[in-house]
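Participant: So here's structure.txt, just compact mmCIF, C-alpha atoms and all ligand atoms:
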```txt
# COMPACT_ATOMS: atom_id res chain seq x y z
CA MET A 843 17.50 -71.95 -6.93
CA ALA A 844 19.99 -69.36 -5.68
CA GLU A 845 18.39 -65.95 -5.11
CA LEU A 846 20.01 -63.20 -7.19
CA ARG A 847 20.09 -59.61 -5.90
CA GLY A 848 20.47 -57.08 -8.68
CA ALA A 849 20.88 -53.31 -8.86
CA LEU A 850 19.77 -51.02 -11.67
CA ILE A 851 21.54 -47.90 -12.91
CA GLY A 852 19.40 -45.54 -15.00
CA CYS A 853 15.67 -45.09 -14.31
CA GLY A 854 14.64 -43.55 -17.62
CA PHE A 855 12.25 -44.34 -20.44
CA PHE A 856 13.23 -47.97 -21.04
CA ALA A 857 14.29 -49.03 -17.55
CA VAL A 858 10.66 -49.52 -16.52
CA ASN A 859 10.48 -52.49 -18.90
CA GLN A 860 13.64 -53.92 -17.38
CA MET A 861 12.19 -53.54 -13.88
CA HIS A 862 9.06 -55.43 -14.97
CA GLY A 863 11.28 -58.06 -16.59
CA TRP A 864 13.16 -58.57 -13.32
CA ARG A 865 9.87 -59.00 -11.46
CA ASP A 866 9.03 -61.77 -13.94
CA ALA A 867 12.37 -63.54 -13.44
CA GLU A 868 12.04 -66.22 -10.79
CA GLY A 869 14.46 -65.86 -7.90
CA VAL A 870 15.62 -62.37 -8.90
CA THR A 871 15.04 -59.20 -6.87
CA ILE A 872 16.22 -55.68 -7.53
CA ALA A 873 17.72 -54.55 -4.25
CA ALA A 874 18.60 -50.97 -5.21
CA ILE A 875 18.28 -48.43 -7.99
CA CYS A 876 20.31 -45.42 -9.06
CA ASP A 877 19.74 -42.33 -11.18
CA LEU A 878 21.30 -38.89 -11.32
CA ASP A 879 17.80 -37.44 -11.66
CA PRO A 880 15.95 -37.64 -8.31
CA ALA A 881 12.50 -37.38 -9.93
CA ARG A 882 13.16 -40.38 -12.18
CA LEU A 883 14.69 -42.29 -9.29
CA ASP A 884 11.61 -41.74 -7.17
CA ALA A 885 9.20 -42.55 -10.00
CA VAL A 886 10.75 -45.99 -10.50
CA GLY A 887 11.36 -46.52 -6.77
CA ASP A 888 7.73 -45.74 -5.93
CA SER A 889 6.31 -47.84 -8.79
CA PHE A 890 8.35 -50.90 -7.88
CA GLY A 891 8.57 -50.47 -4.10
CA ILE A 892 12.36 -50.09 -3.99
CA GLU A 893 13.55 -48.25 -0.88
CA ALA A 894 17.30 -48.27 -1.56
CA ARG A 895 17.73 -45.31 -3.94
CA TYR A 896 21.03 -43.77 -4.93
CA GLY A 897 22.26 -40.79 -6.92
CA ASP A 898 25.77 -42.24 -7.03
CA ALA A 899 26.40 -45.62 -8.66
CA GLU A 900 29.74 -46.19 -6.93
CA ARG A 901 28.15 -45.75 -3.49
CA MET A 902 25.33 -48.08 -4.42
CA LEU A 903 27.65 -50.87 -5.56
CA ALA A 904 29.90 -50.49 -2.50
CA GLU A 905 27.00 -50.54 -0.02
CA ILE A 906 24.60 -53.01 -1.66
CA LYS A 907 27.19 -55.43 -3.13
CA PRO A 908 24.65 -56.83 -5.62
CA ASP A 909 25.06 -60.14 -7.47
CA PHE A 910 24.76 -58.20 -10.74
CA VAL A 911 24.20 -54.70 -12.04
CA ASP A 912 21.91 -53.73 -14.92
CA ILE A 913 23.02 -50.57 -16.74
CA ALA A 914 20.06 -48.88 -18.46
CA THR A 915 21.63 -45.51 -19.23
CA THR A 916 22.38 -44.07 -22.66
CA VAL A 917 25.58 -44.93 -24.48
CA ARG A 918 27.95 -42.19 -23.33
CA SER A 919 27.92 -43.45 -19.72
CA HIS A 920 28.32 -47.14 -20.59
CA ARG A 921 32.10 -47.45 -20.47
CA PRO A 922 32.59 -45.63 -17.13
CA LEU A 923 29.72 -47.54 -15.54
CA VAL A 924 30.78 -50.94 -16.89
CA GLU A 925 34.35 -50.30 -15.71
CA LEU A 926 33.01 -49.26 -12.32
CA ALA A 927 31.14 -52.58 -12.04
CA LEU A 928 34.25 -54.48 -13.13
CA ARG A 929 36.37 -52.74 -10.46
CA HIS A 930 33.83 -54.03 -7.92
CA ARG A 931 33.89 -57.46 -9.62
CA ILE A 932 30.14 -57.33 -10.16
CA PRO A 933 28.65 -59.15 -13.18
CA VAL A 934 27.19 -56.57 -15.52
CA ILE A 935 24.50 -56.19 -18.17
CA CYS A 936 24.78 -53.13 -20.35
CA GLN A 937 22.12 -51.71 -22.68
CA LYS A 938 22.76 -51.37 -26.40
CA PRO A 939 24.44 -49.60 -28.08
CA PHE A 940 27.20 -51.06 -25.94
CA ALA A 941 29.64 -48.29 -26.91
CA GLU A 942 30.04 -45.27 -29.16
CA ASN A 943 33.06 -46.88 -30.84
CA LEU A 944 34.82 -50.23 -31.12
CA ALA A 945 37.81 -49.13 -29.04
CA ASP A 946 35.60 -48.51 -25.98
CA ALA A 947 33.74 -51.77 -26.55
CA ARG A 948 36.97 -53.77 -26.83
CA ALA A 949 38.34 -52.13 -23.69
CA MET A 950 35.24 -53.21 -21.74
CA VAL A 951 35.37 -56.76 -23.09
CA ASP A 952 39.09 -57.02 -22.27
CA GLY A 953 38.44 -55.60 -18.80
CA ALA A 954 35.71 -58.16 -18.09
CA LYS A 955 37.93 -60.99 -19.31
CA THR A 956 40.84 -59.87 -17.15
CA ALA A 957 38.57 -59.48 -14.11
CA GLY A 958 36.84 -62.81 -14.83
CA VAL A 959 33.46 -61.06 -14.58
CA PRO A 960 30.43 -61.95 -16.78
CA LEU A 961 29.37 -59.18 -19.16
CA MET A 962 26.25 -59.24 -21.34
CA VAL A 963 24.87 -56.64 -23.72
CA HIS A 964 21.11 -56.18 -23.48
CA GLU A 965 20.61 -56.94 -27.20
CA ASN A 966 17.06 -58.19 -26.92
CA PHE A 967 15.56 -58.18 -30.43
CA ARG A 968 16.80 -61.69 -31.25
CA TRP A 969 14.79 -62.85 -28.21
CA GLN A 970 11.49 -61.77 -29.75
CA THR A 971 9.07 -64.67 -30.22
CA PRO A 972 8.69 -64.15 -34.00
CA ILE A 973 12.47 -64.00 -34.51
CA GLN A 974 12.94 -67.15 -32.44
CA ALA A 975 10.25 -68.82 -34.60
CA VAL A 976 12.16 -67.87 -37.77
CA LYS A 977 15.37 -69.27 -36.30
CA ALA A 978 13.60 -72.53 -35.40
CA VAL A 979 12.44 -72.99 -39.01
CA LEU A 980 15.96 -72.31 -40.31
CA ASP A 981 17.51 -74.72 -37.80
CA SER A 982 14.98 -77.44 -38.68
CA GLY A 983 16.39 -77.53 -42.23
CA GLU A 984 12.86 -77.24 -43.67
CA ILE A 985 13.84 -74.61 -46.24
CA GLY A 986 17.30 -76.06 -46.84
CA THR A 987 20.42 -73.93 -47.11
CA PRO A 988 19.65 -70.20 -47.16
CA PHE A 989 21.13 -68.15 -50.01
CA PHE A 990 19.26 -64.87 -49.51
CA GLY A 991 18.00 -63.04 -46.45
CA ARG A 992 16.35 -59.76 -45.63
CA VAL A 993 15.79 -58.19 -42.22
CA SER A 994 13.61 -55.13 -42.53
CA PHE A 995 12.27 -52.49 -40.12
CA ARG A 996 10.33 -49.67 -41.78
CA SER A 997 8.12 -47.26 -39.88
CA ALA A 998 7.06 -43.66 -39.38
CA TYR A 999 6.47 -44.10 -35.64
CA ASP A 1000 7.28 -41.02 -33.56
CA VAL A 1001 10.14 -42.62 -31.71
CA TYR A 1002 11.48 -39.18 -30.69
CA ALA A 1003 8.56 -38.54 -28.32
CA GLY A 1004 9.74 -41.18 -25.84
CA GLN A 1005 13.44 -40.93 -26.65
CA PRO A 1006 14.18 -37.28 -27.56
CA TYR A 1007 17.95 -37.92 -27.62
CA LEU A 1008 17.45 -39.95 -30.81
CA ALA A 1009 16.85 -36.72 -32.73
CA GLU A 1010 20.03 -35.12 -31.44
CA GLY A 1011 22.94 -37.41 -32.29
CA GLU A 1012 25.09 -37.22 -35.40
CA ARG A 1013 24.37 -40.94 -35.78
CA PHE A 1014 20.84 -42.26 -35.47
CA ILE A 1015 19.11 -45.18 -37.11
CA ILE A 1016 21.99 -47.61 -37.65
CA GLU A 1017 23.38 -47.07 -34.16
CA ASP A 1018 20.01 -47.20 -32.40
CA LEU A 1019 17.70 -49.47 -34.40
CA GLY A 1020 19.76 -50.93 -37.22
CA ILE A 1021 21.99 -52.41 -34.55
CA HIS A 1022 19.11 -54.72 -33.58
CA ALA A 1023 18.42 -55.70 -37.19
CA LEU A 1024 22.13 -56.33 -37.81
CA ASP A 1025 22.26 -58.51 -34.72
CA ILE A 1026 19.23 -60.46 -36.00
CA ALA A 1027 21.03 -60.94 -39.33
CA ARG A 1028 24.03 -62.38 -37.48
CA PHE A 1029 21.72 -64.57 -35.38
CA LEU A 1030 19.97 -65.98 -38.45
CA PHE A 1031 22.69 -66.03 -41.11
CA GLY A 1032 25.94 -66.15 -39.16
CA ASP A 1033 28.72 -63.61 -39.06
CA ALA A 1034 29.41 -61.36 -42.02
CA SER A 1035 32.76 -60.72 -43.66
CA ALA A 1036 31.89 -57.39 -45.30
CA ILE A 1037 29.22 -54.70 -45.34
CA THR A 1038 28.10 -52.10 -47.87
CA ALA A 1039 25.73 -49.35 -46.79
CA ARG A 1040 23.85 -46.31 -48.01
CA THR A 1041 22.13 -43.85 -45.69
CA THR A 1042 20.03 -40.74 -45.95
CA ARG A 1043 18.10 -38.35 -43.75
CA VAL A 1044 14.52 -37.63 -44.73
CA ASN A 1045 13.22 -35.93 -41.56
CA PRO A 1046 14.71 -32.40 -41.49
CA ARG A 1047 14.02 -32.04 -37.75
CA ILE A 1048 16.61 -34.62 -36.70
CA ARG A 1049 20.41 -34.58 -36.93
CA GLY A 1050 21.35 -38.11 -37.93
CA GLU A 1051 20.34 -40.52 -40.68
CA ASP A 1052 16.83 -42.00 -40.49
CA VAL A 1053 17.12 -44.39 -43.45
CA ALA A 1054 19.76 -47.07 -44.03
CA THR A 1055 20.12 -49.87 -46.58
CA MET A 1056 22.86 -52.40 -45.95
CA LEU A 1057 24.21 -55.44 -47.81
CA LEU A 1058 26.03 -58.10 -45.80
CA ASP A 1059 28.27 -60.86 -47.17
CA HIS A 1060 28.03 -64.03 -45.08
CA ALA A 1061 29.73 -67.42 -45.58
CA ASP A 1062 29.07 -69.70 -48.57
CA GLY A 1063 27.66 -66.99 -50.85
CA LEU A 1064 24.76 -66.11 -48.56
CA ALA A 1065 23.94 -62.41 -48.90
CA SER A 1066 21.51 -60.48 -46.75
CA ILE A 1067 19.89 -57.08 -46.93
CA VAL A 1068 19.28 -55.22 -43.69
CA ASP A 1069 17.14 -52.15 -44.22
CA CYS A 1070 15.62 -49.74 -41.75
CA SER A 1071 13.71 -46.50 -41.93
CA TYR A 1072 11.84 -44.14 -39.63
CA ALA A 1073 10.63 -42.17 -42.64
CA THR A 1074 8.29 -44.77 -44.12
CA ARG A 1075 4.56 -44.06 -43.93
CA LEU A 1076 2.60 -47.24 -44.58
CA GLU A 1077 -1.09 -48.02 -44.74
CA GLU A 1078 -0.56 -50.00 -41.55
CA GLU A 1079 2.07 -48.68 -39.08
CA LEU A 1080 4.11 -51.75 -38.18
CA PHE A 1081 6.27 -50.40 -35.34
CA PRO A 1082 8.10 -52.23 -33.83
CA GLN A 1083 7.86 -55.27 -36.08
CA THR A 1084 10.94 -56.62 -37.83
CA LEU A 1085 10.05 -58.40 -41.07
CA VAL A 1086 12.19 -61.23 -42.40
CA GLU A 1087 12.53 -62.89 -45.81
CA ILE A 1088 14.68 -65.96 -46.39
CA ASP A 1089 15.10 -67.97 -49.57
CA GLY A 1090 16.68 -71.38 -49.20
CA SER A 1091 17.58 -74.30 -51.45
CA GLU A 1092 14.43 -76.22 -50.42
CA GLY A 1093 11.95 -73.42 -49.80
CA SER A 1094 11.30 -69.94 -48.50
CA LEU A 1095 10.18 -68.21 -45.36
CA ARG A 1096 8.44 -64.87 -44.87
CA LEU A 1097 7.80 -63.19 -41.52
CA GLY A 1098 5.25 -60.61 -42.54
CA ALA A 1099 3.08 -57.92 -40.99
CA GLY A 1100 1.03 -58.98 -38.00
CA TYR A 1101 3.55 -61.63 -37.00
CA ARG A 1102 2.43 -63.99 -39.77
CA LEU A 1103 5.00 -66.62 -40.69
CA VAL A 1104 4.67 -68.26 -44.10
CA VAL A 1105 6.85 -71.23 -45.00
CA THR A 1106 6.80 -72.63 -48.54
CA THR A 1107 8.51 -75.87 -49.57
CA GLY A 1108 7.98 -78.57 -52.18
CA GLU A 1109 5.25 -79.92 -49.87
CA GLY A 1110 3.23 -76.70 -50.12
CA THR A 1111 2.72 -73.61 -47.96
CA ARG A 1112 1.93 -73.37 -44.28
CA HIS A 1113 0.93 -70.31 -42.26
CA GLU A 1114 1.66 -69.76 -38.60
CA ASP A 1115 0.77 -67.01 -36.15
CA VAL A 1116 3.98 -66.24 -34.26
CA SER A 1117 2.65 -63.27 -32.28
CA PRO A 1118 4.38 -62.37 -29.05
CA THR A 1119 2.57 -62.86 -25.77
CA LEU A 1120 1.00 -59.73 -24.32
CA LEU A 1121 2.50 -59.87 -20.82
CA PRO A 1122 0.26 -58.48 -18.05
CA TRP A 1123 2.41 -55.35 -17.69
CA ALA A 1124 2.99 -54.83 -21.42
CA GLU A 1125 1.20 -52.53 -23.84
CA ARG A 1126 0.76 -52.62 -27.58
CA PRO A 1127 2.61 -52.01 -29.83
CA TRP A 1128 5.61 -52.40 -27.51
CA HIS A 1129 4.64 -55.86 -26.25
CA ASN A 1130 6.93 -57.61 -28.73
CA ILE A 1131 9.97 -55.76 -27.38
CA GLN A 1132 8.75 -56.02 -23.79
CA GLU A 1133 8.44 -59.79 -24.02
CA SER A 1134 11.99 -59.98 -25.37
CA VAL A 1135 13.25 -57.92 -22.43
CA ALA A 1136 11.79 -60.45 -20.00
CA ALA A 1137 13.29 -63.29 -22.07
CA ILE A 1138 16.83 -61.93 -22.26
CA GLN A 1139 16.84 -61.11 -18.55
CA LYS A 1140 15.77 -64.68 -17.69
CA HIS A 1141 18.58 -65.87 -19.95
CA TRP A 1142 21.05 -63.70 -18.01
CA ALA A 1143 19.84 -65.06 -14.65
CA ALA A 1144 20.15 -68.64 -15.96
CA CYS A 1145 23.67 -67.95 -17.28
CA LEU A 1146 24.76 -66.41 -13.98
CA ARG A 1147 23.50 -69.43 -12.05
CA GLU A 1148 24.92 -71.99 -14.49
CA GLY A 1149 28.15 -70.16 -15.23
CA CYS A 1150 27.56 -70.19 -19.00
CA GLU A 1151 28.35 -67.46 -21.53
CA PRO A 1152 25.28 -65.31 -22.42
CA GLN A 1153 24.34 -65.41 -26.11
CA THR A 1154 24.89 -61.68 -26.45
CA SER A 1155 28.00 -61.47 -24.30
CA GLY A 1156 30.19 -58.39 -24.61
CA ALA A 1157 32.55 -60.41 -26.82
CA ASP A 1158 29.71 -61.50 -29.09
CA ASN A 1159 28.39 -57.96 -29.34
CA LEU A 1160 31.74 -56.72 -30.72
CA LYS A 1161 30.71 -58.38 -34.00
CA THR A 1162 27.37 -56.55 -34.08
CA LEU A 1163 29.10 -53.28 -33.25
CA ALA A 1164 31.66 -53.90 -36.00
CA LEU A 1165 28.76 -54.10 -38.46
CA VAL A 1166 27.46 -50.76 -37.17
CA GLU A 1167 30.90 -49.17 -37.51
CA GLY A 1168 31.42 -50.76 -40.92
CA ALA A 1169 28.03 -49.50 -42.12
CA TYR A 1170 28.86 -45.91 -41.18
CA GLN A 1171 32.29 -46.21 -42.82
CA SER A 1172 30.77 -47.66 -45.97
CA ALA A 1173 28.08 -44.97 -46.14
CA ALA A 1174 30.75 -42.28 -45.74
CA THR A 1175 33.15 -43.66 -48.35
CA GLY A 1176 30.81 -45.41 -50.75
CA GLN A 1177 33.05 -48.50 -50.46
CA THR A 1178 32.43 -52.01 -49.19
CA VAL A 1179 34.05 -52.43 -45.77
CA PRO A 1180 35.71 -55.77 -44.89
CA LEU A 1181 34.97 -56.35 -41.21
CA GLU A 1182 38.45 -57.68 -40.52
CA SER A 1183 39.75 -54.18 -41.30
CA LEU A 1184 37.99 -52.68 -38.27
P1 LIG B 1201 16.76 -42.17 -20.84
O1 LIG B 1201 17.56 -40.97 -21.17
O2 LIG B 1201 15.27 -42.03 -20.80
O3 LIG B 1201 17.21 -42.75 -19.44
C1 LIG B 1201 18.54 -42.85 -19.04
C2 LIG B 1201 18.60 -42.54 -17.55
O4 LIG B 1201 19.93 -42.79 -17.10
C3 LIG B 1201 18.28 -41.08 -17.21
O5 LIG B 1201 17.25 -41.04 -16.25
C4 LIG B 1201 19.61 -40.53 -16.67
O6 LIG B 1201 19.44 -39.57 -15.65
C5 LIG B 1201 20.26 -41.80 -16.14
N1 LIG B 1201 21.72 -41.73 -16.04
C6 LIG B 1201 22.60 -41.34 -16.98
N2 LIG B 1201 23.87 -41.44 -16.52
C7 LIG B 1201 23.78 -41.92 -15.26
C8 LIG B 1201 24.74 -42.25 -14.27
N3 LIG B 1201 26.05 -42.09 -14.48
N4 LIG B 1201 24.30 -42.70 -13.09
C9 LIG B 1201 22.97 -42.87 -12.85
N5 LIG B 1201 22.02 -42.56 -13.77
C10 LIG B 1201 22.42 -42.10 -14.95
O7 LIG B 1201 17.21 -43.28 -21.86
P2 LIG B 1201 16.36 -44.58 -22.35
O8 LIG B 1201 15.50 -44.20 -23.49
O9 LIG B 1201 15.77 -45.25 -21.18
O10 LIG B 1201 17.54 -45.45 -22.98
C11 LIG B 1201 18.51 -46.05 -22.17
C12 LIG B 1201 19.29 -47.06 -22.99
O11 LIG B 1201 18.40 -48.09 -23.38
C13 LIG B 1201 19.88 -46.50 -24.29
O12 LIG B 1201 21.17 -47.01 -24.47
C14 LIG B 1201 18.93 -46.99 -25.38
O13 LIG B 1201 19.56 -47.19 -26.62
C15 LIG B 1201 18.47 -48.29 -24.78
N6 LIG B 1201 17.16 -48.74 -25.26
C16 LIG B 1201 17.07 -50.04 -25.60
C17 LIG B 1201 15.87 -50.56 -26.06
C18 LIG B 1201 15.82 -52.02 -26.42
O14 LIG B 1201 14.84 -52.51 -26.93
N7 LIG B 1201 16.88 -52.76 -26.14
C19 LIG B 1201 14.76 -49.73 -26.19
C20 LIG B 1201 14.88 -48.39 -25.78
C21 LIG B 1201 16.10 -47.90 -25.31
O1 LIG B 1202 15.86 -50.20 -29.23
C1 LIG B 1202 15.83 -49.01 -29.04
O2 LIG B 1202 16.75 -48.48 -28.50
C2 LIG B 1202 14.63 -48.12 -29.29
C3 LIG B 1202 13.61 -48.55 -30.26
C4 LIG B 1202 13.18 -49.97 -30.15
C5 LIG B 1202 12.40 -47.66 -30.22
O3 LIG B 1202 14.24 -48.32 -31.48
O4 LIG B 1202 15.13 -46.87 -29.68
```
Represent the structure from my file as structure tokens, please.
Facilitator:
Amino acid sequence: MAELRGALIGCGFFAVNQMHGWRDAEGVTIAAICDLDPARLDAVGDSFGIEARYGDAERMLAEIKPDFVDIATTVRSHRPLVELALRHRIPVICQKPFAENLADARAMVDGAKTAGVPLMVHENFRWQTPIQAVKAVLDSGEIGTPFFGRVSFRSAYDVYAGQPYLAEGERFIIEDLGIHALDIARFLFGDASAITARTTRVNPRIRGEDVATMLLDHADGLASIVDCSYATRLEEELFPQTLVEIDGSEGSLRLGAGYRLVVTTGEGTRHEDVSPTLLPWAERPWHNIQESVAAIQKHWAACLREGCEPQTSGADNLKTLALVEGAYQSAATGQTVPLESL
């Protein structure tokens, strides 16, 4: 197996999970790391024993010449950093949200195509064990043809403690969290042709919306609801579980609290525990997300070696981003937004 030498840009809150994920990926080493903040750079460098530390991404790429670069910074820096990697012809993974707008995202995808350089968005939620289990049931045909779906994430978890920037942006839950749920809806139900959305802000201490309810039109009359909230106090705090409901012509499926999957058909009902693995470096309740980070990064390494297109390539992610953009447009105008109009 060819050894892959990667480099990481951005040593903040989430990058630690990515560093652990790379350690878990066979035949992958992180050769160098970069952050504008020396304290964060040293914290990650010391934890993971990385000596090559840079404050300047361009210098790092020029000197290290990695086989790929993993961009774990927040959205505003994505386009300049992706374009920097493309100029160096270095395959690139970029965290979600890929871009602040579709024009930037399309420019990056076009740039990667022109340069002939692989580009993947780190859209990891579809890689969660429970979501993969739902997809497997759908693909098996056990519940027939789906006609209704729901992807739901409702919580009152203090997400702002670890990611204070989430309280500051004009846009919040659709762009940050809903984007994952919308990508799961695409993964399970196929692409959508139109979206209708309503949003509100309940928490007065944040700037953007913290509640969103969206209706997606898929092919063949399949409709799905994607709903998310960070203003929902429940008896049991479910963060960061995504719940799924699917009704099909031959049965139904429910992914409920505690990673319990219930499948009902004419034959009866079966229950399955589809809990994620608690990896040695992971901690509850984040272990579901952490496992999906390791999974998507292994997928990237396999794609690089085999020369195949990653599932959540930049081009694929344009469709998830279009849903995000369409949702904000719909919430602002009160109208349904056809995705082809974006
Ligand atoms: P953060 O602010 O904690 O960390 C970002 C780091 O990038 C900071 O240390 C900053 O100094 C550094 N940085 C910014 N610009 C840079 C540049 N040009 N060169 C070098 N370093 C630079 O942010 P975070 O919470 O770790 O989030 C990072 C990204 O990960 C965001 O896009 C966020 O949406 C995403 N995220 C994804 C998941 C997931 O499950 N996929 C979970 C959490 C966060
Ligand atoms: O995915 C994210 O960017 C995170 C979290 C999972 C907490 O929503 O903000």
Participant: Atom CA of Ala904 of chain A and atom CA of Gly852 of chain A are how many Å apart?
Facilitator: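 About the pair atom CA of Ala904 of chain A and atom CA of Gly852 of chain A: they are 17.1 Å apart.
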Participant: Compute the set of protein, DNA and RNA residues whose minimum atom distance to ligand LIG 1201 (chain B) is at most 7 Å, using only C-alpha atoms and all ligand atoms, and state it as a PDB file with C-alpha atoms, in the coordinates of the input.
Facilitator:
```
ATOM      1  CA  ILE A 851      21.540 -47.900 -12.910  1.00  0.00           C
ATOM      2  CA  GLY A 852      19.400 -45.540 -15.000  1.00  0.00           C
ATOM      3  CA  CYS A 853      15.670 -45.090 -14.310  1.00  0.00           C
ATOM      4  CA  GLY A 854      14.640 -43.550 -17.620  1.00  0.00           C
ATOM      5  CA  PHE A 855      12.250 -44.340 -20.440  1.00  0.00           C
ATOM      6  CA  PHE A 856      13.230 -47.970 -21.040  1.00  0.00           C
ATOM      7  CA  ALA A 857      14.290 -49.030 -17.550  1.00  0.00           C
ATOM      8  CA  CYS A 876      20.310 -45.420  -9.060  1.00  0.00           C
ATOM      9  CA  ASP A 877      19.740 -42.330 -11.180  1.00  0.00           C
ATOM     10  CA  LEU A 878      21.300 -38.890 -11.320  1.00  0.00           C
ATOM     11  CA  ASP A 879      17.800 -37.440 -11.660  1.00  0.00           C
ATOM     12  CA  ARG A 882      13.160 -40.380 -12.180  1.00  0.00           C
ATOM     13  CA  GLY A 897      22.260 -40.790  -6.920  1.00  0.00           C
ATOM     14  CA  ASP A 898      25.770 -42.240  -7.030  1.00  0.00           C
ATOM     15  CA  ALA A 899      26.400 -45.620  -8.660  1.00  0.00           C
ATOM     16  CA  ALA A 914      20.060 -48.880 -18.460  1.00  0.00           C
ATOM     17  CA  THR A 915      21.630 -45.510 -19.230  1.00  0.00           C
ATOM     18  CA  THR A 916      22.380 -44.070 -22.660  1.00  0.00           C
ATOM     19  CA  VAL A 917      25.580 -44.930 -24.480  1.00  0.00           C
ATOM     20  CA  SER A 919      27.920 -43.450 -19.720  1.00  0.00           C
ATOM     21  CA  LEU A 923      29.720 -47.540 -15.540  1.00  0.00           C
ATOM     22  CA  GLN A 937      22.120 -51.710 -22.680  1.00  0.00           C
ATOM     23  CA  LYS A 938      22.760 -51.370 -26.400  1.00  0.00           C
ATOM     24  CA  PRO A 939      24.440 -49.600 -28.080  1.00  0.00           C
ATOM     25  CA  HIS A 964      21.110 -56.180 -23.480  1.00  0.00           C
ATOM     26  CA  GLU A 965      20.610 -56.940 -27.200  1.00  0.00           C
ATOM     27  CA  ASN A 966      17.060 -58.190 -26.920  1.00  0.00           C
ATOM     28  CA  PHE A 967      15.560 -58.180 -30.430  1.00  0.00           C
ATOM     29  CA  GLY A1004       9.740 -41.180 -25.840  1.00  0.00           C
ATOM     30  CA  GLN A1005      13.440 -40.930 -26.650  1.00  0.00           C
ATOM     31  CA  ASP A1018      20.010 -47.200 -32.400  1.00  0.00           C
ATOM     32  CA  ILE A1131       9.970 -55.760 -27.380  1.00  0.00           C
TER      33      ILE A1131
END
```
Participant: As a quick test: using all atoms listed in the file, which residues lie no more than 12 Å away from ligand LIG 1202 (chain B)? Give them as number ranges by chain.
Facilitator: A: 855-857, 859, 914-917, 937-940, 964-968, 970, 995-1009, 1014-1023, 1025, 1052, 1070-1072, 1081-1084, 1127-1132, 1134-1135
Participant: Taking only C-alpha atoms into account, name the residue in A:Val911, A:Ile892, A:Leu850, A:Ala1169 that is nearest to Ala1034 of chain A.
Facilitator: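 Closest residue, counting only C-alpha atoms: A:Ala1169.
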Participant: At most 9 Å from (28.1, -38.8, -36.0), file frame, only C-alpha atoms: which residues, as a count of residues only?
Facilitator: 7
Participant: Could you jot down the atom CA of Arg1112 of chain A to atom CA of Pro988 of chain A separation for me, Å, one decimal place?
Facilitator: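 Computing the Euclidean distance for atom CA of Arg1112 of chain A and atom CA of Pro988 of chain A yields 18.2 Å.
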Participant: Find the residues around Ala1136 of chain A up to 8 Å (only C-alpha atoms counted), leave out those fewer than 4 positions away in its own chain, and share them as a list of chain:residue names.
Facilitator: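 My reading of the contact set: A:Gln860, A:His862, A:Gly863, A:Trp864, A:Asp866, A:Ala867, A:Gln1132, A:Lys1140.
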Participant: Here's a test: counting all atoms listed in the file, identify every protein, DNA and RNA residue with an atom at most 9 Å from (30.8, -55.1, -8.8) in the file's coordinate frame, and state them as a ChimeraX atom specification.
Facilitator: /A:903-904,907-911,926-934,959
Participant: From the set A:Glu1125, A:Glu893, A:Asp1089, A:Glu1151, which residue has the shortest atom-to-atom contact distance to Gly991 of chain A, counting only C-alpha atoms?
Facilitator: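 Closest residue, counting only C-alpha atoms: A:Asp1089.
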Participant: Any idea what the distance is between atom CA of Val951 of chain A and atom CA of Ala1157 of chain A?
Facilitator: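 Between these atoms lies a distance of 5.9 Å.
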